[in-house]
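Asker: Structure provided below as structure tokens; questions to follow.
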Amino acid sequence: MICTIGYKHTKAKEMQMKVRGESMKFNKESFKSDFKKKIENMFGMELNDSSKLQKYVALGSLIKDYSTENWIKTNKTYKANGNKQVYYFSMEFLIGRLLKSNLINLGIEEQCADALKELNIDFNELEELEADAGLGNGGLGRLAACFLDSMASIGVPGHGCGIRYRYGLFEQKIVDGYQVEIPDNWLKEANVWETRKDNKSIIVKFNGNIVSEMKNGRLNFTHENYTAVKAVPYDTPVIGYKNNTVNNLRLWSAEMVETEEEFDFCGFSKGDYGRAQNYKSSIESISQILYPDDSHTEGKILRLKQQYFLVSAGLQSILRSYKASEKSIHDLDKYVSIHINDTHPSMAVAELMRILVDEDELTWEEAWRITTNTMSYTNHTILSEALEKWDINIFKELLPRVYSIIKEIDRRFKDEILQKHPNNWEKVNSMCIIHDGKVRMANLAIVGGHSVNGVAKLHTEILKNRELADFNRFYPNKFNNKTNGITHRRWLIQSNPKLTEAINEAIGKGWVKEPKQLVSLLKYAKNEDFKEKVYNIKKENKEVFSNHVAEKYGVKIDPNSIFDVQVKRLHAYKRQAMNLMNIVHLYNTLKENPNMDIVPRTFFFGAKASPSYYLAKETIKLINTVAYKINNDKSINDKIKIVFLENYRVSLAERIIPCADLSEQISTASKEASGTGNMKFMMNGAVTIATLDGANVEIRDAVGDDNIVTFGMTAEEVMNHEKYGGYCSRDYYNDDMRIKRIIDGIMGGQFGGYNNEFNNIYNSLINYNDEYFVLKDFDSYVKAQDKVNNLYKNRSKWMEMSITNIAHSGIFSSDNTIKEYANEIWNTKPINIK
Ligand code: 26Q
């Protein structure tokens, strides 16, 4: 369905005033009439004749209308006041759905739901029609989305800049236990939130060659014979929470240049139309798909094209509007901050240099001052296989001018190193940008900006003291920590309305604007009535979800069982396999002793595996294989069940997290930079079973040892083993009868599966010496799980833990994180939109 959005709706202006209570009050009646008119205008029919999809589209479009006036006003205010603007450059924005969160942020959710009810429309049904905007892989992409929500809600002038992928992260189907990937056609229906801005298109240039010539004593560079790609922006309003602020998310789509004018500009003559047509599909492919990988860098040319496409379109567009303001280009860093989300957009450093030097004719030194003051970079990983490196030959050919600029940055940087450390080539090799035939993107991002931050205290310490220690010594003031956060609006208010209400009744609503106030809930952590209330809310949530599981998966689960949840991308370091080993161990024990006194448990997994990551896919198959056997084994009296949740995504996270009793955060210490799921679970009253990794450490510090169950090696121990050896996983297999039985059982067909089906898992655990210390941590994990079982038996104690977790979760609101970014990195202040 194609949808045209006529947002110049005079009614919208009126409504905007009503929403803000400026003249008449927003009320159900006016909303109903707006809604009916919207259906008539968009579809030429009456409400009663419209389909559910049409109702959803009209509703979304109406809500967008309500935000339009403030969107314009916000923009105008920023321009008039000359406020510093932040641009968050990210290859991923994992947004999910916007209908409900926009209603909540506009403060009209209840009235709209009531009004729809009166019209006999089920709001929840319409909500389900919105496709998740799955333009991200996992944590990094979701963080970008939480940050947008927080920037707008605090009033920080901050905007997203990304790619409008035609297909988001693949849809996962489980067929016979295997993951099958289906293209995510999220734009099949209408995307009601976006506005295409043709008139703001940008030309991005690839390939070709560079000609240099002396002009007025200055060497000028011209790009010739390039391939031109038109970048067309699609803007989505980012609505702040009841504060009139509407920021912008600008996503770029790659298109073929079409008009004769554009065509000439691109260096084709008219007769070349045929040749040019051949480029069409290759050009459009740039914004066609999101790379479904969250840790390996494959070095694919198309990915490099995507990165430059984003960076060049984004920067050109920012500079175009900056120049229109008539401010001096020399002051750019006073008015603009560009934040680089991991190394993926780190070419922004070189691209800004190119624009300032080649187009604005600044000196190299002045351009460098501006660039480094403008750019800042967040590192999200220490996994070496995830550090981006591009082959110089690929780079040179695709981006000749950008490559020569990187070479010059690198040359000057090497000089600087040698000046500080004469003849120290080891230092040069460790820090320089171009090395061993590759461009090291992290090095470019570190050298080219004024700030490098990690995403949790532990992670930042590891960066400073180990992975990037040379850089930290070289730039002692550049490195800093910004612990991740999550938006409590989506992850509590929106996804768990009953818990929200209980909190409001107990401590009032102050926490909504100031999430740290949740700590007042501590007063209720020992209050038996409140515990009972929170317990019952969790139980109701679990009941609803149990019905869904019965319907969708045909598995009957007990809402009174412990809901033990591990949902996140599938990766060896996240150790879903260890979770599964514990389940198999429990099963083996139960088979021997069916009357064993354990609280019934339902183990939930949800995870997508990168399509080329065989070990991860095999792990999914193993989980499903074990699940099938255990779920159908009557002899264990339904004590344990396993549910693999298909197609884990933002909207599914919103449903399962409020049901969780236990949050599984069991990565090998030092490997998970932060984690953000851990924070979402905690905020919804789950107790965490965790290694001391990423932000788990900060969660432990906040709630205290009595309110979290930790186990396993420390990061220090892991890193020492990595450095000095001394671990032999085969010994654990031979010496621990539980481990031997589990692995032999799986490999010997105890659960089914064809011969050698789980060889990759076996090899990684035994023959390749278990890189992620699964067997080494197994015993302490089993003990921790046993502790959970005992704790849960004491409901009063458990609920005290649960409430204590909710109470301390306020510090993990991304509002706090964004305030720190704004103060300490971007040097920008929140603005009040009247
Ligand atoms: C790179 C090159 C080619 C293709 C794909 C990629 C790629 C894409 C996505 C590499 C990495 C990612 C995503 C990484 C990610 O999500 N990291 C997570 O970031 C979270 C937010 O900071 C942290 O909480 C998690 O700990 C971290 O794993």
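Ordered as shown in the structure tokens, chains take letters A, B, and onward, while each chain numbers its residues from 1 and ligands are numbered from 1 in the order shown.
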Ligand 1: which residues are within 7 Å, counting only C-alpha atoms and all ligand atoms? Reply as a list in words.
Answerer: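 Checking only C-alpha atoms and all ligand atoms against ligand 1 at 7 Å gives Asn137, Gly138, Gly139, Leu140, Gly141, Leu143, Tyr291, Pro292, Asp293, Asp294, Ser295, His296, Thr297, Glu298, Gly299, Arg303, His344, His380, Thr381, Ala386, Glu388, Val455, Asn484, Glu672, Ala673, Ser674, Gly675, Thr676 and Gly694 of chain A.
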Asker: List as a PyMOL selection string the protein and nucleic acid residues near region 204-217 of chain A, meaning an atom at most 7 Å away when only C-alpha atoms are counted, but skip any in the same chain fewer than 2 places from it.
Answerer: chain A and resi 202+219-231+309+312-313+397-401
Asker: So which bits of region 414-547 of chain A end up helix (DSSP H, G or I) when you DSSP the backbone, as a ChimeraX atom specification?
Answerer: /A:414-420,425-431,441-447,457-467,469-474,488-494,497-507,510-513,515-524,528-547
Asker: DSSP on the backbone, strand (DSSP E or B) only: what residues of region 437-681 of chain A does that give? Format it as an MDAnalysis selection string.
Answerer: chainID A and resid 438:440 452:454 479:481 486 562:567 601:606 640:645 662:665
Asker: Using N, CA, C and O atoms, can you write the selected residues to a file as a short mmCIF file (atom, residue, chain, number, x, y, z; two decimals), in the first residue's frame?
Answerer:
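Printed below is selection27.cif as written:
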data_model
loop_
_atom_site.label_atom_id
_atom_site.label_comp_id
_atom_site.auth_asym_id
_atom_site.auth_seq_id
_atom_site.Cartn_x
_atom_site.Cartn_y
_atom_site.Cartn_z
N LYS A 438 46.50 -2.28 5.35
CA LYS A 438 45.11 -2.05 5.78
C LYS A 438 44.94 -0.68 6.43
O LYS A 438 45.87 -0.16 7.06
N VAL A 439 43.74 -0.16 6.30
CA VAL A 439 43.38 1.06 7.03
C VAL A 439 42.68 0.63 8.32
O VAL A 439 41.66 -0.07 8.26
N ARG A 440 43.22 1.03 9.46
CA ARG A 440 42.62 0.63 10.74
C ARG A 440 41.66 1.73 11.19
O ARG A 440 42.07 2.81 11.62
N VAL A 452 37.27 9.64 23.12
CA VAL A 452 37.03 8.22 22.87
C VAL A 452 36.40 7.68 24.14
O VAL A 452 36.99 7.81 25.21
N ASN A 453 35.21 7.12 24.02
CA ASN A 453 34.63 6.57 25.24
C ASN A 453 34.27 5.10 25.12
O ASN A 453 33.90 4.60 24.05
N GLY A 454 34.42 4.39 26.23
CA GLY A 454 33.93 3.04 26.37
C GLY A 454 32.51 3.10 26.90
O GLY A 454 32.02 4.19 27.25
N PHE A 479 40.46 9.69 26.67
CA PHE A 479 39.65 8.51 26.99
C PHE A 479 38.74 8.77 28.18
O PHE A 479 39.14 9.37 29.16
N ASN A 480 37.52 8.33 28.06
CA ASN A 480 36.57 8.50 29.16
C ASN A 480 35.48 7.44 29.09
O ASN A 480 35.30 6.79 28.07
N ASN A 481 34.77 7.29 30.18
CA ASN A 481 33.69 6.29 30.23
C ASN A 481 32.32 6.94 30.18
O ASN A 481 32.09 7.99 30.77
N ILE A 486 19.31 2.92 29.01
CA ILE A 486 18.12 2.53 28.23
C ILE A 486 17.02 3.54 28.51
O ILE A 486 16.99 4.13 29.60
N ILE A 562 9.60 -20.47 37.31
CA ILE A 562 10.55 -19.36 37.18
C ILE A 562 10.74 -19.09 35.69
O ILE A 562 11.06 -20.01 34.94
N PHE A 563 10.53 -17.85 35.29
CA PHE A 563 10.81 -17.49 33.89
C PHE A 563 12.27 -17.04 33.81
O PHE A 563 12.64 -15.97 34.29
N ASP A 564 13.05 -17.90 33.20
CA ASP A 564 14.51 -17.72 33.14
C ASP A 564 14.83 -17.34 31.69
O ASP A 564 14.60 -18.14 30.78
N VAL A 565 15.31 -16.13 31.47
CA VAL A 565 15.33 -15.61 30.10
C VAL A 565 16.72 -15.19 29.63
O VAL A 565 17.41 -14.39 30.27
N GLN A 566 17.12 -15.72 28.49
CA GLN A 566 18.34 -15.23 27.83
C GLN A 566 17.97 -14.81 26.41
O GLN A 566 17.76 -15.66 25.54
N VAL A 567 17.85 -13.53 26.21
CA VAL A 567 17.52 -13.02 24.88
C VAL A 567 18.59 -12.01 24.47
O VAL A 567 18.83 -11.03 25.15
N ARG A 601 10.79 -24.57 36.21
CA ARG A 601 11.40 -23.46 35.48
C ARG A 601 11.10 -23.51 34.00
O ARG A 601 11.06 -24.59 33.40
N THR A 602 10.89 -22.36 33.43
CA THR A 602 10.78 -22.28 31.98
C THR A 602 11.96 -21.47 31.48
O THR A 602 12.17 -20.33 31.91
N PHE A 603 12.75 -22.10 30.63
CA PHE A 603 13.93 -21.43 30.07
C PHE A 603 13.56 -20.85 28.71
O PHE A 603 13.15 -21.59 27.81
N PHE A 604 13.71 -19.56 28.59
CA PHE A 604 13.45 -18.91 27.30
C PHE A 604 14.77 -18.51 26.65
O PHE A 604 15.64 -17.95 27.31
N PHE A 605 14.84 -18.79 25.36
CA PHE A 605 15.95 -18.26 24.56
C PHE A 605 15.35 -17.45 23.42
O PHE A 605 14.30 -17.80 22.88
N GLY A 606 16.02 -16.39 23.06
CA GLY A 606 15.65 -15.67 21.85
C GLY A 606 16.95 -15.15 21.28
O GLY A 606 17.72 -14.51 22.01
N ILE A 640 10.76 -28.81 33.99
CA ILE A 640 11.45 -27.83 33.14
C ILE A 640 10.89 -27.82 31.71
O ILE A 640 10.53 -28.86 31.16
N LYS A 641 10.84 -26.65 31.18
CA LYS A 641 10.40 -26.46 29.79
C LYS A 641 11.40 -25.49 29.14
O LYS A 641 11.99 -24.63 29.81
N ILE A 642 11.54 -25.63 27.83
CA ILE A 642 12.41 -24.72 27.09
C ILE A 642 11.61 -24.12 25.93
O ILE A 642 10.95 -24.86 25.19
N VAL A 643 11.68 -22.83 25.80
CA VAL A 643 10.99 -22.18 24.68
C VAL A 643 12.01 -21.34 23.90
O VAL A 643 12.65 -20.46 24.46
N PHE A 644 12.16 -21.66 22.63
CA PHE A 644 12.99 -20.80 21.78
C PHE A 644 12.06 -19.80 21.09
O PHE A 644 11.20 -20.18 20.29
N LEU A 645 12.21 -18.54 21.42
CA LEU A 645 11.33 -17.51 20.86
C LEU A 645 11.84 -17.12 19.48
O LEU A 645 12.97 -16.63 19.33
N LEU A 662 14.22 -14.16 36.03
CA LEU A 662 15.68 -14.26 36.06
C LEU A 662 16.25 -13.79 34.73
O LEU A 662 15.82 -14.21 33.67
N SER A 663 17.24 -12.91 34.83
CA SER A 663 17.90 -12.34 33.64
C SER A 663 19.27 -12.97 33.49
O SER A 663 20.09 -12.91 34.39
N GLU A 664 19.50 -13.62 32.34
CA GLU A 664 20.76 -14.33 32.12
C GLU A 664 21.78 -13.40 31.45
O GLU A 664 21.62 -13.02 30.29
N GLN A 665 22.83 -13.06 32.18
CA GLN A 665 23.88 -12.18 31.65
C GLN A 665 25.21 -12.86 31.92
O GLN A 665 25.93 -12.51 32.83
#
Asker: What is the distance, in Å and to one decimal place, between CA of Phe758 (chain A) and CA of Thr619 (chain A)?
Answerer: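 A separation of 8.0 Å between them.
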Asker: For a quick check of understanding, using only C-alpha atoms, which of A:Leu304, A:Met683, A:Phe530, A:Ile493 has the smallest distance to Ile507 (chain A)?
Answerer: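 Closest to Ile507 (chain A) of all the choices is A:Phe530.
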Asker: Kindly indicate which residue among A:Trp364, A:Trp390, A:Phe545, A:Phe812 lies nearest to Gln307 (chain A), using only C-alpha atoms for the distances.
Answerer: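 Smallest distance to Gln307 (chain A) is found for A:Trp390.
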Asker: To one decimal in Å, tell me the separation between CA of Ala442 (chain A) and CA of Ser384 (chain A).
Answerer: 11.1 Å
Asker: Please provide as a count of residues only all residues within 10 Å of Asp770 (chain A), with the sequence filter that same-chain residues fewer than 3 positions apart are discarded (counting only C-alpha atoms).
Answerer: 16
